[in-house]
file target23.cif (mmCIF, C-alpha atoms)
data_start
loop_
_atom_site.label_atom_id
_atom_site.label_comp_id
_atom_site.auth_asym_id
_atom_site.auth_seq_id
_atom_site.Cartn_x
_atom_site.Cartn_y
_atom_site.Cartn_z
CA MET O 1 -57.40 47.44 97.72
CA VAL O 2 -59.79 50.05 99.09
CA HIS O 3 -62.84 49.44 101.26
CA SER O 4 -65.92 49.61 99.09
CA ALA O 5 -68.98 51.63 100.02
CA THR O 6 -70.84 48.45 100.98
CA GLN O 7 -68.29 47.28 103.55
CA PRO O 8 -68.70 48.20 107.22
CA THR O 9 -67.07 51.52 107.88
CA HIS O 10 -65.40 53.10 110.88
CA THR O 11 -67.44 55.47 112.97
CA TRP O 12 -66.56 59.10 112.45
CA VAL O 13 -64.25 59.82 115.34
CA THR O 14 -63.96 63.53 115.77
CA SER O 15 -65.02 62.33 118.95
CA LYS O 16 -63.24 62.26 122.10
CA ASP O 17 -61.62 58.88 121.47
CA GLU O 18 -59.47 59.72 118.46
CA SER O 19 -58.91 63.23 119.75
CA ARG O 20 -57.48 61.73 122.95
CA GLU O 21 -55.26 59.36 120.96
CA ILE O 22 -53.90 62.23 118.86
CA MET O 23 -53.30 64.38 121.95
CA ALA O 24 -51.50 61.48 123.68
CA LEU O 25 -48.91 61.70 120.90
CA TRP O 26 -48.37 65.45 121.29
CA PRO O 27 -45.65 65.27 123.99
CA ASP O 28 -43.67 62.95 121.69
CA ILE O 29 -44.01 65.45 118.84
CA VAL O 30 -42.77 68.31 121.03
CA ARG O 31 -39.87 66.16 122.22
CA ASP O 32 -38.94 65.22 118.63
CA LEU O 33 -38.94 68.85 117.55
CA THR O 34 -37.11 70.30 120.54
CA ASP O 35 -34.56 67.45 120.48
CA SER O 36 -33.80 68.39 116.88
CA THR O 37 -32.23 71.67 118.12
CA LYS O 38 -30.49 70.42 121.24
CA ASN O 39 -27.23 69.47 119.52
CA LEU O 40 -27.11 72.97 117.98
CA ASN O 41 -26.36 74.42 121.41
CA ILE O 42 -29.03 77.13 121.29
CA PRO O 43 -30.97 76.36 124.50
CA ASP O 44 -32.85 79.68 124.45
CA VAL O 45 -34.28 78.83 121.03
CA THR O 46 -35.14 75.27 122.09
CA LYS O 47 -37.06 76.60 125.08
CA TRP O 48 -38.78 79.25 122.94
CA MET O 49 -39.75 76.65 120.33
CA ALA O 50 -41.45 74.55 123.01
CA LYS O 51 -43.45 77.63 124.04
CA ILE O 52 -44.45 78.43 120.43
CA LEU O 53 -45.57 74.84 119.90
CA GLN O 54 -47.59 74.57 123.11
CA TYR O 55 -49.35 77.91 122.67
CA ASN O 56 -50.22 77.67 118.97
CA VAL O 57 -50.65 74.06 117.92
CA PRO O 58 -52.68 71.74 120.19
CA GLY O 59 -55.54 74.03 121.21
CA GLY O 60 -57.81 73.88 118.15
CA LYS O 61 -60.63 71.52 117.18
CA LYS O 62 -58.12 69.43 115.14
CA THR O 63 -60.70 68.91 112.41
CA ARG O 64 -58.06 68.43 109.69
CA ALA O 65 -56.04 66.01 111.83
CA LEU O 66 -59.11 63.96 112.75
CA THR O 67 -60.25 63.92 109.13
CA LEU O 68 -56.89 62.55 107.99
CA VAL O 69 -56.79 59.75 110.59
CA TYR O 70 -60.42 58.81 109.94
CA ALA O 71 -59.83 58.74 106.16
CA TYR O 72 -56.71 56.63 106.60
CA LYS O 73 -58.60 54.07 108.69
CA VAL O 74 -61.41 53.89 106.13
CA LEU O 75 -59.09 53.65 103.10
CA THR O 76 -56.57 51.14 104.46
CA PRO O 77 -57.21 47.38 104.29
CA SER O 78 -57.73 46.03 107.80
CA ASP O 79 -54.64 43.81 107.72
CA GLN O 80 -52.49 46.94 107.30
CA LEU O 81 -54.13 48.87 110.14
CA THR O 82 -51.32 48.12 112.57
CA GLU O 83 -50.62 50.24 115.63
CA GLU O 84 -47.43 51.49 113.96
CA ASN O 85 -49.28 52.55 110.78
CA ILE O 86 -52.03 54.29 112.74
CA ARG O 87 -49.33 56.07 114.77
CA LEU O 88 -47.77 57.27 111.48
CA ALA O 89 -51.19 58.57 110.40
CA ARG O 90 -51.43 60.52 113.67
CA ILE O 91 -47.94 61.95 113.19
CA LEU O 92 -48.97 63.04 109.69
CA ALA O 93 -52.09 64.55 111.26
CA TRP O 94 -49.86 66.65 113.55
CA CYS O 95 -48.03 67.88 110.42
CA LEU O 96 -51.40 69.28 109.29
CA GLU O 97 -51.92 70.95 112.64
CA LEU O 98 -48.44 72.51 112.45
CA MET O 99 -49.30 73.84 108.99
CA GLN O 100 -52.57 75.23 110.33
CA ALA O 101 -50.73 76.98 113.19
CA PHE O 102 -48.19 78.40 110.71
CA PHE O 103 -50.99 79.91 108.61
CA LEU O 104 -53.01 81.22 111.56
CA THR O 105 -50.15 83.04 113.30
CA ILE O 106 -49.47 84.97 110.07
CA ASP O 107 -53.16 85.46 109.26
CA ASP O 108 -53.87 86.99 112.67
CA ILE O 109 -51.12 89.58 112.15
CA GLN O 110 -52.41 90.45 108.68
CA ASP O 111 -56.00 90.74 109.91
CA ARG O 112 -54.99 92.55 113.12
CA SER O 113 -57.08 90.03 115.06
CA SER O 114 -57.17 89.99 118.86
CA LEU O 115 -58.38 86.49 119.74
CA ARG O 116 -57.69 83.02 118.43
CA ARG O 117 -59.13 79.89 120.07
CA GLY O 118 -60.32 81.98 122.99
CA GLN O 119 -56.90 83.42 123.88
CA PRO O 120 -54.82 86.37 122.63
CA CYS O 121 -53.35 85.83 119.16
CA TRP O 122 -49.68 84.84 119.39
CA TYR O 123 -48.37 88.19 118.13
CA ARG O 124 -50.34 89.90 120.93
CA TYR O 125 -49.18 87.49 123.63
CA ASN O 126 -46.71 89.35 125.89
CA ASP O 127 -46.33 91.95 123.10
CA ILE O 128 -44.40 89.56 120.85
CA GLY O 129 -45.44 91.71 117.88
CA LEU O 130 -43.86 91.16 114.49
CA ALA O 131 -41.32 88.70 115.92
CA ALA O 132 -44.25 86.27 115.58
CA ILE O 133 -43.56 86.19 111.82
CA ASN O 134 -40.34 84.27 112.45
CA ASP O 135 -42.19 82.01 114.88
CA SER O 136 -44.68 81.13 112.15
CA LEU O 137 -41.82 80.24 109.79
CA LEU O 138 -40.42 78.03 112.52
CA LEU O 139 -43.75 76.18 112.68
CA GLU O 140 -43.60 75.60 108.92
CA SER O 141 -39.99 74.39 109.08
CA VAL O 142 -40.50 71.90 111.90
CA MET O 143 -43.49 70.48 110.01
CA PHE O 144 -41.13 69.50 107.18
CA TYR O 145 -38.61 68.19 109.72
CA LEU O 146 -41.32 65.87 111.08
CA LEU O 147 -42.28 64.70 107.58
CA LYS O 148 -38.65 63.87 106.83
CA LYS O 149 -38.03 62.12 110.17
CA TYR O 150 -40.95 59.73 109.87
CA PHE O 151 -41.68 59.30 106.15
CA LYS O 152 -38.35 59.55 104.32
CA GLY O 153 -37.67 56.26 102.55
CA LYS O 154 -41.36 55.33 102.36
CA ASP O 155 -43.13 55.05 99.00
CA CYS O 156 -45.41 57.97 99.83
CA TYR O 157 -42.68 60.40 100.95
CA VAL O 158 -42.11 62.33 97.71
CA ASN O 159 -45.86 62.52 97.04
CA LEU O 160 -46.51 63.78 100.57
CA LEU O 161 -43.77 66.41 100.25
CA GLU O 162 -45.15 67.62 96.92
CA THR O 163 -48.69 67.66 98.30
CA PHE O 164 -47.70 69.71 101.36
CA HIS O 165 -45.64 72.14 99.26
CA ASP O 166 -48.50 72.47 96.76
CA SER O 167 -51.00 73.14 99.57
CA ILE O 168 -48.80 75.85 101.04
CA LEU O 169 -48.36 77.49 97.64
CA LYS O 170 -52.11 77.38 96.89
CA THR O 171 -52.97 78.77 100.34
CA VAL O 172 -50.44 81.61 100.08
CA LEU O 173 -51.80 82.47 96.62
CA GLY O 174 -55.30 82.54 98.12
CA GLN O 175 -54.08 84.74 100.94
CA SER O 176 -52.54 87.11 98.36
CA LEU O 177 -55.85 87.34 96.52
CA ASP O 178 -57.61 87.93 99.84
CA MET O 179 -55.21 90.74 100.79
CA LEU O 180 -55.39 92.33 97.31
CA SER O 181 -59.17 92.29 97.63
CA THR O 182 -59.01 94.26 100.89
CA ASN O 183 -56.83 96.86 99.14
CA PHE O 184 -54.14 96.36 101.84
CA GLY O 185 -56.08 98.04 104.60
CA LYS O 186 -57.20 101.05 102.57
CA LYS O 187 -60.83 101.64 101.65
CA PRO O 188 -61.92 98.50 99.75
CA ASP O 189 -63.05 98.79 96.13
CA LEU O 190 -66.48 97.15 96.26
CA ASP O 191 -66.47 96.65 92.48
CA MET O 192 -63.86 93.94 93.04
CA PHE O 193 -66.20 91.90 95.25
CA THR O 194 -67.67 89.53 92.66
CA MET O 195 -68.74 85.93 93.23
CA ASN O 196 -66.03 84.76 90.81
CA ARG O 197 -63.35 86.47 92.87
CA TYR O 198 -64.82 85.13 96.09
CA ASN O 199 -64.87 81.58 94.68
CA SER O 200 -61.18 81.86 93.76
CA ILE O 201 -60.23 83.11 97.23
CA VAL O 202 -62.10 80.20 98.83
CA GLU O 203 -60.62 77.58 96.51
CA TYR O 204 -57.04 78.64 97.13
CA LYS O 205 -57.16 79.98 100.66
CA THR O 206 -59.40 77.35 102.25
CA SER O 207 -60.32 74.29 100.19
CA HIS O 208 -56.85 73.00 99.39
CA TYR O 209 -55.32 72.84 102.84
CA SER O 210 -58.50 72.30 104.86
CA PHE O 211 -60.18 69.65 102.71
CA ILE O 212 -58.09 68.38 99.80
CA LEU O 213 -54.85 68.01 101.81
CA PRO O 214 -56.16 65.84 104.71
CA ILE O 215 -57.90 63.37 102.39
CA THR O 216 -55.15 63.36 99.74
CA ALA O 217 -52.45 62.79 102.37
CA ALA O 218 -54.50 59.93 103.86
CA MET O 219 -54.92 58.39 100.39
CA GLN O 220 -51.17 58.63 99.75
CA LEU O 221 -50.31 57.11 103.12
CA ALA O 222 -52.81 54.30 102.37
CA GLY O 223 -50.91 53.55 99.15
CA ILE O 224 -53.58 54.69 96.69
CA LYS O 225 -52.11 55.52 93.28
CA ASP O 226 -55.14 55.80 90.96
CA SER O 227 -55.14 59.38 89.60
CA GLU O 228 -58.88 59.23 88.83
CA MET O 229 -59.62 58.51 92.50
CA PHE O 230 -57.66 61.63 93.46
CA ARG O 231 -59.49 63.67 90.81
CA GLN O 232 -62.94 62.58 92.00
CA ALA O 233 -62.03 63.23 95.62
CA LYS O 234 -60.72 66.71 94.77
CA THR O 235 -63.94 67.65 92.95
CA ILE O 236 -66.08 66.81 95.99
CA LEU O 237 -63.64 68.37 98.47
CA LEU O 238 -63.52 71.69 96.59
CA GLU O 239 -67.31 71.90 96.94
CA MET O 240 -67.09 71.07 100.64
CA GLY O 241 -64.42 73.73 101.12
CA HIS O 242 -66.75 76.29 99.56
CA LEU O 243 -69.58 75.34 101.92
CA PHE O 244 -67.18 75.49 104.89
CA GLN O 245 -65.97 79.01 104.02
CA VAL O 246 -69.47 80.38 103.44
CA GLN O 247 -70.40 78.95 106.85
CA ASP O 248 -67.31 80.57 108.34
CA ASP O 249 -68.21 83.96 106.86
CA TYR O 250 -71.76 83.67 108.16
CA LEU O 251 -70.81 82.42 111.64
CA GLY O 252 -68.23 85.17 111.93
CA CYS O 253 -71.00 87.73 111.60
CA TYR O 254 -73.97 85.96 113.19
CA GLY O 255 -72.41 83.26 115.42
CA GLU O 256 -71.41 83.61 119.05
CA SER O 257 -67.75 84.63 119.46
CA ASP O 258 -67.47 82.59 122.65
CA VAL O 259 -68.42 79.50 120.60
CA HIS O 260 -65.86 79.92 117.80
CA GLY O 261 -63.24 81.55 120.03
CA LYS O 262 -62.05 84.31 117.71
CA ASP O 263 -63.03 87.90 117.13
CA TYR O 264 -64.80 88.82 113.90
CA THR O 265 -63.01 91.49 111.87
CA ASP O 266 -64.17 90.81 108.29
CA ILE O 267 -66.27 93.99 108.09
CA GLN O 268 -63.60 96.18 109.71
CA GLU O 269 -60.89 94.72 107.44
CA GLY O 270 -63.06 95.10 104.32
CA LYS O 271 -62.84 91.39 103.46
CA CYS O 272 -64.34 89.82 100.36
CA THR O 273 -66.82 87.50 102.09
CA TRP O 274 -69.92 85.68 100.89
CA LEU O 275 -72.06 88.14 102.88
CA ILE O 276 -70.73 91.29 101.21
CA VAL O 277 -70.81 89.72 97.72
CA VAL O 278 -74.46 88.70 98.07
CA ALA O 279 -75.32 92.04 99.72
CA LEU O 280 -73.83 93.94 96.76
CA GLN O 281 -75.82 91.80 94.33
CA ARG O 282 -79.04 92.82 96.10
CA ALA O 283 -78.40 96.33 97.34
CA THR O 284 -80.35 99.30 96.03
CA PRO O 285 -78.24 102.34 95.03
CA GLU O 286 -78.96 103.86 98.47
CA GLN O 287 -77.95 100.69 100.28
CA ARG O 288 -74.78 100.46 98.20
CA LYS O 289 -73.88 104.00 99.32
CA ILE O 290 -74.15 102.84 102.96
CA LEU O 291 -71.83 99.92 102.20
CA GLU O 292 -69.35 102.21 100.42
CA GLU O 293 -69.37 104.51 103.43
CA CYS O 294 -69.26 101.87 106.18
CA TYR O 295 -67.61 98.69 104.86
CA GLY O 296 -63.93 98.47 105.77
CA SER O 297 -64.24 100.86 108.73
CA ALA O 298 -63.35 100.02 112.34
CA ASP O 299 -65.95 102.47 113.67
CA PRO O 300 -68.34 100.28 115.75
CA GLU O 301 -71.37 102.26 114.55
CA LYS O 302 -70.44 101.68 110.89
CA VAL O 303 -69.88 97.98 111.59
CA ARG O 304 -73.32 97.85 113.19
CA CYS O 305 -74.83 99.57 110.10
CA VAL O 306 -73.30 96.94 107.80
CA LYS O 307 -74.59 94.07 109.95
CA GLN O 308 -78.04 95.65 110.03
CA LEU O 309 -77.98 96.03 106.24
CA PHE O 310 -77.03 92.35 105.85
CA THR O 311 -80.07 91.47 107.95
CA ASP O 312 -82.34 93.90 106.05
CA LEU O 313 -81.28 92.24 102.79
CA GLY O 314 -82.41 88.85 104.15
CA LEU O 315 -78.95 87.27 104.24
CA PRO O 316 -79.63 84.96 107.23
CA ASN O 317 -82.51 83.37 105.32
CA THR O 318 -80.49 83.23 102.07
CA TYR O 319 -77.68 81.53 103.96
CA SER O 320 -80.06 78.88 105.38
CA ILE O 321 -81.34 78.14 101.87
CA TYR O 322 -77.79 78.04 100.47
CA GLU O 323 -76.62 75.62 103.18
CA GLU O 324 -79.59 73.30 102.66
CA GLU O 325 -79.30 73.28 98.85
CA THR O 326 -75.53 72.79 98.92
CA TYR O 327 -75.85 69.95 101.40
CA ASN O 328 -78.42 68.20 99.18
CA LEU O 329 -76.33 68.77 96.04
CA LEU O 330 -73.19 67.42 97.69
CA ASN O 331 -75.10 64.31 98.78
CA VAL O 332 -75.99 63.70 95.13
CA HIS O 333 -72.43 64.34 93.91
CA ILE O 334 -70.99 61.97 96.52
CA GLN O 335 -73.34 59.20 95.41
CA GLN O 336 -71.97 59.68 91.87
CA ILE O 337 -68.37 58.88 92.88
CA SER O 338 -67.58 55.80 90.84
CA ARG O 339 -63.91 54.99 91.38
CA GLY O 340 -63.86 52.80 94.46
CA LEU O 341 -63.73 55.57 97.06
CA PRO O 342 -66.19 54.83 99.87
CA HIS O 343 -69.13 57.21 99.80
CA SER O 344 -69.36 57.00 103.58
CA LEU O 345 -66.03 58.83 103.93
CA PHE O 346 -67.40 61.93 102.22
CA LEU O 347 -70.94 61.63 103.60
CA ASN O 348 -69.63 61.56 107.17
CA LEU O 349 -67.39 64.56 106.50
CA LEU O 350 -70.37 66.40 105.02
CA ARG O 351 -72.52 65.60 108.06
CA LYS O 352 -69.90 67.19 110.30
CA LEU O 353 -70.28 70.40 108.28
CA TYR O 354 -74.07 70.47 108.13
CA HIS O 355 -75.56 73.04 110.54
CA ARG O 356 -72.23 73.52 112.31
CA VAL O 357 -72.08 76.39 114.82
CA SER O 358 -68.32 76.85 115.18
#
call {"tool": "encode", "arguments": {"input": "target23.cif", "output": "structure tokens"}}
result
Amino acid sequence: MVHSATQPTHTWVTSKDESREIMALWPDIVRDLTDSTKNLNIPDVTKWMAKILQYNVPGGKKTRALTLVYAYKVLTPSDQLTEENIRLARILAWCLELMQAFFLTIDDIQDRSSLRRGQPCWYRYNDIGLAAINDSLLLESVMFYLLKKYFKGKDCYVNLLETFHDSILKTVLGQSLDMLSTNFGKKPDLDMFTMNRYNSIVEYKTSHYSFILPITAAMQLAGIKDSEMFRQAKTILLEMGHLFQVQDDYLGCYGESDVHGKDYTDIQEGKCTWLIVVALQRATPEQRKILEECYGSADPEKVRCVKQLFTDLGLPNTYSIYEEETYNLLNVHIQQISRGLPHSLFLNLLRKLYHRVS
């Protein structure tokens, strides 16, 4: 049984309450993971693991974790919402945060970023350098350790494992497409920057692990088996992932870095973003020459030229229109969900995205 759209629903708790509850569990997670190495007699590694975990995992907004717990509470019949089951949902939420940390530590190296969540990226912390690659693999591995420790033997275990593996594969494929699009740090080929290519990067690199995974994992933990419910959820969540990434691209260029806590390197790295794709669709031959000369360069003056060109081409206004139209369209699509999934779940998630600034 699933709560219908007409039943009272839980308040969206990205709020301090659920965030506090999730954080209260964090010391237990660290203890579980460090205890797992203690009988191996490698105390240096155990100590280092604790440092990796503390620096990279708990400091974010925890949007994916909060989404999973919220979805689980909405989708689970009230008589099954025991403290133990909610605790399991929060442990599963920490698995998402471990996955996120695994991706980000690698991504920051590939993008040569300086800041993440307002502090130096892990590979730059105390000159860790490329040793951070192994640390990211450790984050991935302990995520699967946690899944096994708490979910093995449960009906949802195999489905959760397959879902997590599938999300990692999809995200790595998206990252490959992203890196191929930047021409591996050489001068980018602007002819490659089409909307079709951009849409593929977003679907694989962002939508699966940021939107489909939290909701799908919550559905599996709640015991939902109906494949049509999963299909309808995925359709909506892919659209939300697209909106989220376009927002991210825009905020990276026009937002305040002290609000989102990371440095913006998309122009310097020659990334295939929504901004450059739309700019290329609109640019005159002269403007395209400026982009060919300046896009993908670390020279601050060239970066400034690209940003100015984005503004000259009216991209801030186009973005506002895009966000408004996409929000309205998603509202319509959510109302068309017919398979027992509560509309409020998706509407509340959409509201968290609308006009976000970080």
call {"tool": "resolve_selection", "arguments": {"input": "target23.cif", "expression": "the PyMOL selection byres ((chain O and resi 336) around 12)", "output": "NGL selection string"}}
result
:O and (5 or 232-233 or 235-236 or 329-335 or 337-343 or 346-347)
call {"tool": "resolve_selection", "arguments": {"input": "target23.cif", "expression": "the PyMOL selection byres ((chain O and resi 96-112) around 6)", "output": "compact mmCIF listing (two decimals) with C-alpha atoms, keeping the file's coordinate frame"}}
result
# COMPACT_ATOMS: atom_id res chain seq x y z
CA ASN O 56 -50.22 77.67 118.97
CA VAL O 57 -50.65 74.06 117.92
CA ALA O 93 -52.09 64.55 111.26
CA TRP O 94 -49.86 66.65 113.55
CA CYS O 95 -48.03 67.88 110.42
CA SER O 113 -57.08 90.03 115.06
CA SER O 136 -44.68 81.13 112.15
CA LEU O 139 -43.75 76.18 112.68
CA GLU O 140 -43.60 75.60 108.92
CA MET O 143 -43.49 70.48 110.01
call {"tool": "atom_distance", "arguments": {"input": "target23.cif", "atom1": "CA of Asp127 (chain O)", "atom2": "CA of Glu269 (chain O)"}}
result
21.6 Å
call {"tool": "resolve_selection", "arguments": {"input": "target23.cif", "expression": "the PyMOL selection byres ((chain O and resi 21) around 12)", "output": "list in words"}}
result
Val13, Thr14, Ser15, Lys16, Asp17, Glu18, Ser19, Arg20, Ile22, Met23, Ala24, Leu25, Trp26, Pro27, Lys62, Ala65, Leu66, Val69, Glu83, Ile86, Arg87, Ala89, Arg90, Ile91, Ala93 and Trp94 of chain O
call {"tool": "closest_residue", "arguments": {"input": "target23.cif", "among": "O:Tyr72, O:Tyr354, O:Tyr123, O:Tyr198", "to": "Phe244 (chain O)", "atoms": "only C-alpha atoms"}}
result
O:Tyr354
call {"tool": "residues_around", "arguments": {"input": "target23.cif", "residues": "Thr37 (chain O)", "least_positions_apart": "4", "cutoff": "12 Å", "atoms": "only C-alpha atoms", "output": "number ranges by chain"}}
result
O: 30-33, 41-50, 138, 142, 145
call {"tool": "atom_distance", "arguments": {"input": "target23.cif", "atom1": "CA of Gly314 (chain O)", "atom2": "CA of Gln247 (chain O)"}}
result
15.8 Å
call {"tool": "atom_distance", "arguments": {"input": "target23.cif", "atom1": "CA of Gln80 (chain O)", "atom2": "CA of Phe164 (chain O)"}}
result
24.0 Å
call {"tool": "build_atoms", "arguments": {"input": "target23.cif", "residues": "region 166-178 of chain O", "atoms": "N, CA, C and O atoms", "output": "mmCIF file, in the frame of the given file"}}
result
data_model
loop_
_atom_site.group_PDB
_atom_site.id
_atom_site.type_symbol
_atom_site.label_atom_id
_atom_site.label_comp_id
_atom_site.auth_asym_id
_atom_site.auth_seq_id
_atom_site.Cartn_x
_atom_site.Cartn_y
_atom_site.Cartn_z
ATOM 1 N N ASP O 166 -47.452 71.952 97.649
ATOM 2 C CA ASP O 166 -48.500 72.470 96.760
ATOM 3 C C ASP O 166 -49.608 73.146 97.572
ATOM 4 O O ASP O 166 -50.117 74.203 97.197
ATOM 5 N N SER O 167 -49.959 72.555 98.716
ATOM 6 C CA SER O 167 -51.000 73.140 99.570
ATOM 7 C C SER O 167 -50.573 74.493 100.120
ATOM 8 O O SER O 167 -51.375 75.425 100.194
ATOM 9 N N ILE O 168 -49.305 74.579 100.525
ATOM 10 C CA ILE O 168 -48.800 75.850 101.040
ATOM 11 C C ILE O 168 -48.830 76.904 99.941
ATOM 12 O O ILE O 168 -49.300 78.035 100.151
ATOM 13 N N LEU O 169 -48.361 76.546 98.753
ATOM 14 C CA LEU O 169 -48.360 77.490 97.640
ATOM 15 C C LEU O 169 -49.783 77.970 97.335
ATOM 16 O O LEU O 169 -50.044 79.175 97.225
ATOM 17 N N LYS O 170 -50.727 77.018 97.222
ATOM 18 C CA LYS O 170 -52.110 77.380 96.890
ATOM 19 C C LYS O 170 -52.696 78.297 97.973
ATOM 20 O O LYS O 170 -53.381 79.274 97.665
ATOM 21 N N THR O 171 -52.413 77.984 99.234
ATOM 22 C CA THR O 171 -52.970 78.770 100.340
ATOM 23 C C THR O 171 -52.385 80.181 100.359
ATOM 24 O O THR O 171 -53.104 81.162 100.584
ATOM 25 N N VAL O 172 -51.083 80.285 100.108
ATOM 26 C CA VAL O 172 -50.440 81.610 100.080
ATOM 27 C C VAL O 172 -50.961 82.428 98.906
ATOM 28 O O VAL O 172 -51.177 83.640 99.024
ATOM 29 N N LEU O 173 -51.196 81.764 97.764
ATOM 30 C CA LEU O 173 -51.800 82.470 96.620
ATOM 31 C C LEU O 173 -53.194 82.970 96.984
ATOM 32 O O LEU O 173 -53.569 84.103 96.659
ATOM 33 N N GLY O 174 -53.960 82.128 97.677
ATOM 34 C CA GLY O 174 -55.300 82.540 98.120
ATOM 35 C C GLY O 174 -55.249 83.691 99.090
ATOM 36 O O GLY O 174 -56.062 84.620 99.028
ATOM 37 N N GLN O 175 -54.256 83.652 99.971
ATOM 38 C CA GLN O 175 -54.080 84.740 100.940
ATOM 39 C C GLN O 175 -53.724 86.037 100.211
ATOM 40 O O GLN O 175 -54.189 87.121 100.572
ATOM 41 N N SER O 176 -52.896 85.928 99.165
ATOM 42 C CA SER O 176 -52.540 87.110 98.360
ATOM 43 C C SER O 176 -53.785 87.723 97.727
ATOM 44 O O SER O 176 -53.990 88.937 97.763
ATOM 45 N N LEU O 177 -54.616 86.851 97.153
ATOM 46 C CA LEU O 177 -55.850 87.340 96.520
ATOM 47 C C LEU O 177 -56.754 87.980 97.554
ATOM 48 O O LEU O 177 -57.372 89.025 97.302
ATOM 49 N N ASP O 178 -56.806 87.390 98.742
ATOM 50 C CA ASP O 178 -57.610 87.930 99.840
ATOM 51 C C ASP O 178 -57.102 89.324 100.230
ATOM 52 O O ASP O 178 -57.884 90.275 100.386
#
